[in-house]
>>> print(open('coords18.txt').read())   # compact mmCIF, C-alpha atoms
# COMPACT_ATOMS: atom_id res chain seq x y z
CA THR A 116 135.79 49.99 78.88
CA ALA A 117 137.37 47.49 76.48
CA SER A 118 136.83 44.68 79.00
CA TYR A 119 133.24 45.87 79.53
CA ARG A 120 132.62 45.70 75.76
CA ALA A 121 134.16 42.22 75.64
CA ILE A 122 131.91 41.02 78.47
CA GLU A 123 128.89 42.64 76.80
CA GLN A 124 129.76 40.97 73.49
CA GLY A 125 130.25 37.61 75.23
CA MET A 126 126.87 37.95 76.95
CA GLY A 127 125.25 38.76 73.62
CA ILE A 128 126.70 35.64 72.03
CA PHE A 129 125.55 33.57 75.04
CA GLU A 130 122.02 35.05 74.85
CA ASP A 131 121.85 34.32 71.10
CA LYS A 132 122.91 30.71 71.71
CA LEU A 133 120.27 30.34 74.45
CA LYS A 134 117.57 31.76 72.17
CA TYR A 135 118.58 29.34 69.41
CA MET A 136 118.61 26.35 71.78
CA ARG A 137 115.19 27.30 73.15
CA TRP A 138 113.86 27.71 69.61
CA GLU A 139 115.17 24.21 68.75
CA ARG A 140 113.42 22.76 71.81
CA GLN A 141 110.18 24.58 70.92
CA VAL A 142 110.30 23.16 67.39
CA ARG A 143 110.84 19.64 68.73
CA LEU A 144 108.01 20.14 71.24
CA MET A 145 105.54 21.17 68.53
CA GLN A 146 106.63 18.38 66.16
CA ARG A 147 106.25 15.73 68.87
CA ALA A 148 102.88 17.19 69.95
CA GLU A 149 101.62 16.97 66.36
CA GLN A 150 102.88 13.38 66.12
CA LEU A 151 101.23 12.34 69.40
CA LEU A 152 97.98 14.10 68.52
CA THR A 153 97.88 11.86 65.44
CA GLU A 154 98.64 8.79 67.59
CA ALA A 155 95.74 9.81 69.85
CA GLY A 156 93.50 9.87 66.77
CA LEU A 157 93.21 13.66 66.56
CA THR A 158 93.95 16.15 63.80
CA HIS A 159 93.93 19.13 66.18
CA PRO A 160 93.41 19.91 69.88
CA THR A 161 89.79 19.41 70.99
CA ARG A 162 89.92 21.14 74.38
CA PRO A 163 91.36 24.55 75.25
CA ILE A 164 93.97 24.70 77.99
CA PRO A 165 93.43 27.56 80.46
CA LEU A 166 95.99 30.31 79.90
CA LYS A 167 97.20 30.19 83.51
CA LEU A 168 98.20 26.53 82.90
CA ALA A 169 99.17 26.73 79.22
CA VAL A 170 101.81 29.42 79.72
CA PRO A 171 103.84 27.68 82.47
CA LEU A 172 103.45 24.30 80.73
CA LEU A 173 104.72 25.54 77.36
CA GLU A 174 107.47 27.61 78.93
CA ALA A 175 108.82 24.73 81.03
CA ALA A 176 108.44 22.23 78.18
CA SER A 177 110.40 24.47 75.82
CA LEU A 178 113.23 24.79 78.36
CA GLU A 179 113.57 21.01 78.86
CA ASP A 180 116.74 19.80 77.17
CA ASP A 181 116.30 16.07 77.89
CA ASP A 182 114.25 14.36 75.17
CA SER A 183 112.70 11.74 77.47
CA LEU A 184 111.52 14.43 79.90
CA GLN A 185 110.32 16.67 77.09
CA ASP A 186 108.28 13.72 75.81
CA LEU A 187 106.52 13.61 79.20
CA TRP A 188 105.72 17.31 78.74
CA VAL A 189 104.37 16.57 75.26
CA ARG A 190 102.12 13.76 76.53
CA LEU A 191 100.84 16.02 79.32
CA LEU A 192 100.12 18.75 76.75
CA VAL A 193 98.37 16.41 74.30
CA ASN A 194 96.25 14.80 77.04
CA ALA A 195 95.29 18.23 78.38
CA ALA A 196 94.24 19.30 74.87
CA ASN A 197 92.19 16.12 74.21
CA VAL A 198 88.59 16.33 75.40
CA GLN A 199 88.36 12.51 75.41
CA SER A 200 91.34 11.96 77.72
CA ARG A 201 90.83 11.25 81.40
CA THR A 202 93.33 13.99 82.27
CA THR A 203 92.33 17.20 83.94
CA LEU A 204 95.45 19.33 83.87
CA GLN A 205 96.56 20.39 87.36
CA ARG A 206 99.16 23.03 88.25
CA ALA A 207 100.72 20.38 90.51
CA TYR A 208 101.57 18.22 87.48
CA ILE A 209 103.53 21.09 85.94
CA SER A 210 105.35 21.74 89.23
CA ILE A 211 106.23 18.06 89.64
CA LEU A 212 107.51 17.65 86.09
CA GLU A 213 109.62 20.82 86.35
CA GLN A 214 111.47 19.25 89.30
CA LEU A 215 112.18 15.77 87.91
CA THR A 216 115.48 14.43 86.63
CA PRO A 217 115.52 11.72 83.96
CA LEU A 218 116.41 9.15 86.65
CA GLU A 219 113.51 10.23 88.88
CA ALA A 220 111.08 10.08 85.96
CA SER A 221 112.29 6.60 85.05
CA ILE A 222 111.91 5.41 88.65
CA LEU A 223 108.43 6.89 88.88
CA LEU A 224 107.30 5.21 85.65
CA ASN A 225 108.72 1.90 86.93
CA ILE A 226 106.88 2.17 90.25
CA TYR A 227 103.56 3.00 88.58
CA SER A 228 103.93 0.24 85.99
CA LEU A 229 102.83 -2.13 88.78
CA PRO A 230 99.10 -2.52 89.68
CA TYR A 231 98.18 0.45 91.87
CA GLU A 232 95.43 -1.34 93.80
CA GLN A 233 97.96 -3.93 94.93
CA THR A 234 100.98 -1.69 95.54
CA ARG A 235 99.09 0.95 97.52
CA HIS A 236 98.55 -1.71 100.21
CA ASP A 237 101.58 -3.97 99.76
CA GLY A 238 104.15 -1.36 98.74
CA VAL A 239 106.88 -1.59 96.12
CA LYS A 240 110.31 -3.09 96.77
CA VAL A 241 112.85 -0.72 95.25
CA GLY A 242 116.18 -2.37 96.05
CA LEU A 243 116.84 -3.22 92.39
CA LEU A 244 116.15 0.27 91.01
CA PRO A 245 116.67 1.81 88.58
CA ALA A 246 116.27 -1.42 86.61
CA GLU A 247 113.42 -3.22 88.36
CA VAL A 248 110.67 -2.94 90.95
CA VAL A 249 108.47 -5.66 92.46
CA VAL A 250 105.30 -5.66 94.52
CA GLY A 251 106.34 -5.51 98.17
CA LYS A 252 103.97 -8.14 99.59
CA ASP A 253 105.59 -9.86 102.54
CA ASP A 254 106.25 -13.45 101.56
CA GLY A 255 107.48 -14.45 105.01
CA LYS A 256 111.09 -14.69 103.84
CA GLY A 257 112.09 -11.29 105.16
CA ASP A 258 113.60 -8.52 103.09
CA SER A 259 115.85 -10.25 100.61
CA LEU A 260 116.34 -7.19 98.43
CA PRO A 261 119.24 -4.83 99.05
CA GLU A 262 118.84 -1.12 99.56
CA PRO A 263 119.25 0.92 96.38
CA SER A 264 122.28 3.06 95.61
CA LYS A 265 122.71 6.51 97.16
CA GLU A 266 121.75 8.11 93.82
CA VAL A 267 118.47 6.15 93.77
CA LYS A 268 117.81 6.96 97.45
CA LEU A 269 118.15 10.68 96.68
CA ALA A 270 115.81 10.27 93.71
CA LEU A 271 113.27 8.49 95.92
CA ALA A 272 113.60 11.22 98.55
CA ASN A 273 112.79 13.87 95.93
CA LEU A 274 109.81 11.86 94.65
CA ALA A 275 108.55 11.65 98.24
CA ARG A 276 109.07 15.41 98.68
CA LEU A 277 106.96 15.97 95.56
CA GLY A 278 104.18 13.74 96.95
CA CYS A 279 104.58 11.05 94.28
CA ILE A 280 105.54 8.24 96.69
CA ILE A 281 105.70 7.56 100.41
CA ILE A 282 108.94 6.21 101.85
CA GLN A 283 108.32 3.71 104.61
CA LYS A 284 109.56 4.63 108.07
CA SER A 285 111.20 2.71 110.89
CA TRP A 286 109.62 2.70 114.36
CA GLY A 287 111.96 5.56 115.23
CA GLY A 288 110.89 7.57 112.18
CA GLY A 289 113.94 6.95 109.98
CA GLU A 290 113.54 6.41 106.24
CA LEU A 291 113.61 2.78 105.06
CA PHE A 292 114.67 2.71 101.42
CA GLN A 293 113.78 -0.90 100.64
CA SER A 294 110.08 -0.29 100.03
CA VAL A 295 107.84 2.65 99.07
CA ASN A 296 104.14 3.16 98.60
CA PRO A 297 102.49 4.90 95.66
CA THR A 298 100.20 7.90 96.19
CA LEU A 299 97.05 9.08 94.49
CA LEU A 300 98.91 12.21 93.33
CA GLY A 301 101.73 10.12 91.86
CA LYS A 302 99.27 7.80 90.10
CA SER A 303 97.31 10.74 88.65
CA PHE A 304 100.51 12.48 87.55
CA VAL A 305 101.84 9.40 85.73
CA GLU A 306 98.46 8.88 84.05
CA ALA A 307 98.46 12.52 82.94
CA CYS A 308 101.93 12.00 81.37
CA THR A 309 100.93 8.77 79.58
CA LEU A 310 99.37 9.21 76.15
CA GLN A 311 95.69 8.40 76.24
CA THR A 312 94.32 7.30 72.89
CA GLY A 313 90.66 7.32 71.93
>>> encode(input="coords18.txt", output="structure tokens")
Amino acid sequence: TASYRAIEQGMGIFEDKLKYMRWERQVRLMQRAEQLLTEAGLTHPTRPIPLKLAVPLLEAASLEDDDSLQDLWVRLLVNAANVQSRTTLQRAYISILEQLTPLEASILLNIYSLPYEQTRHDGVKVGLLPAEVVVGKDDGKGDSLPEPSKEVKLALANLARLGCIIIQKSWGGGELFQSVNPTLLGKSFVEACTLQTG
């Protein structure tokens, strides 16, 4: 029974630490949301968020321990609460953001920093990721870019699984990791996570 009490006490300490960490993340979330509302030209939210979307969004955002990812949550929240934004909050956006690593988010933002109307036809060369992407238009010189690292390939594979990009395929159906294409879902998701000011 002494070992049981020790385990119980240890679990209690662990639970208290988790509660405190979550509270810290909730405080940061609210402070950043207030700051970005001001940047968007608002003093308060101007559009209610449906409860079935607000609860999972706030819960996931308060669990995010990476500041750059939590800032994406904050932008999504502020855009959803701003009647003048172009964002209509979708459950898919919450699901996507819950499953992103900081590297994947960075790659996604890089890909969608290029003009969508051009890249959806010409693709995006990703051999220099995570640092750089270029429009994939064939210049007649062949593929001069290398394939990305294994870590980047895995990130691209997850982004494709989430529907945010399409990985080009060989004639035999194998994945070609030199070029990807953006998707409408990926474009909409990135827009929803980019602060829209009035």
>>> closest_residue(input="coords18.txt", among="A:Gln283, A:Gln185, A:Gln205, A:Asn296", to="A:Leu229", atoms="only C-alpha atoms")
A:Asn296
>>> residues_around(input="coords18.txt", residues="A:Val267", least_positions_apart="2", cutoff="10 Å", atoms="only C-alpha atoms", output="list of chain:residue names")
A:Leu218, A:Glu219, A:Ile222, A:Val241, A:Gly242, A:Leu243, A:Leu244, A:Pro245, A:Glu262, A:Pro263, A:Ser264, A:Lys265, A:Leu269, A:Ala270, A:Leu271, A:Ala272, A:Asn273, A:Phe292
>>> closest_residue(input="coords18.txt", among="A:Arg147, A:Lys167, A:Arg276, A:Lys284", to="A:Leu215", atoms="only C-alpha atoms")
A:Arg276
>>> closest_residue(input="coords18.txt", among="A:Thr203, A:Gln293, A:Thr153, A:Thr309", to="A:Ser228", atoms="all atoms listed in the file")
A:Thr309
>>> closest_residue(input="coords18.txt", among="A:Phe304, A:Lys252, A:Val193, A:Tyr231", to="A:Ser210", atoms="all atoms listed in the file")
A:Phe304
>>> atom_distance(input="coords18.txt", atom1="atom CA of A:Ser183", atom2="atom CA of A:Ala275")
21.2 Å
>>> residues_near_point(input="coords18.txt", point="(92.1, 19.3, 74.5)", cutoff="7 Å", atoms="only C-alpha atoms", output="PyMOL selection string")
chain A and resi 160-164+193-198
>>> closest_residue(input="coords18.txt", among="A:Leu310, A:Leu274, A:Val295, A:Ala176", to="A:Arg137", atoms="only C-alpha atoms")
A:Ala176
>>> atom_distance(input="coords18.txt", atom1="atom CA of A:Pro261", atom2="atom CA of A:Ser294")
10.3 Å
>>> residues_around(input="coords18.txt", residues="A:Asp237", least_positions_apart="3", cutoff="9 Å", atoms="all atoms listed in the file", output="list in words")
Glu232, Gln233, Thr234, Val250, Gly251, Lys252, Asp253 and Asn296 of chain A
>>> write_last_selection(input="coords18.txt", atoms="C-alpha atoms", output="short mmCIF file (atom, residue, chain, number, x, y, z; two decimals), keeping the file's coordinate frame")
data_model
loop_
_atom_site.label_atom_id
_atom_site.label_comp_id
_atom_site.auth_asym_id
_atom_site.auth_seq_id
_atom_site.Cartn_x
_atom_site.Cartn_y
_atom_site.Cartn_z
CA GLU A 232 95.43 -1.34 93.80
CA GLN A 233 97.96 -3.93 94.93
CA THR A 234 100.98 -1.69 95.54
CA VAL A 250 105.30 -5.66 94.52
CA GLY A 251 106.34 -5.51 98.17
CA LYS A 252 103.97 -8.14 99.59
CA ASP A 253 105.59 -9.86 102.54
CA ASN A 296 104.14 3.16 98.60
#
>>> closest_residue(input="coords18.txt", among="A:Glu139, A:Glu290, A:Glu213, A:Asp186", to="A:Pro171", atoms="all atoms listed in the file")
A:Glu213
>>> residues_around(input="coords18.txt", residues="A:Asp182", least_positions_apart="2", cutoff="12 Å", atoms="all atoms listed in the file", output="VMD selection string")
chain A and resid 139 to 141 143 to 144 147 176 to 180 184 to 189 216 to 217
>>> residues_around(input="coords18.txt", residues="A:Lys302", least_positions_apart="5", cutoff="9 Å", atoms="only C-alpha atoms", output="short mmCIF file (atom, residue, chain, number, x, y, z; two decimals) with C-alpha atoms, in the coordinates of the input")
data_model
loop_
_atom_site.label_atom_id
_atom_site.label_comp_id
_atom_site.auth_asym_id
_atom_site.auth_seq_id
_atom_site.Cartn_x
_atom_site.Cartn_y
_atom_site.Cartn_z
CA TYR A 227 103.56 3.00 88.58
CA TYR A 231 98.18 0.45 91.87
CA CYS A 279 104.58 11.05 94.28
CA PRO A 297 102.49 4.90 95.66
CA ALA A 307 98.46 12.52 82.94
#
>>> atom_distance(input="coords18.txt", atom1="atom CA of A:Ile209", atom2="atom CA of A:Leu172")
6.1 Å
>>> axis_aligned_box(input="coords18.txt", around="stretch 217-226 of chain A", padding_each_side="3 Å", output="JSON")
{"center_x": 111.6, "center_y": 6.8, "center_z": 87.1, "size_x": 15.5, "size_y": 15.8, "size_z": 12.3}
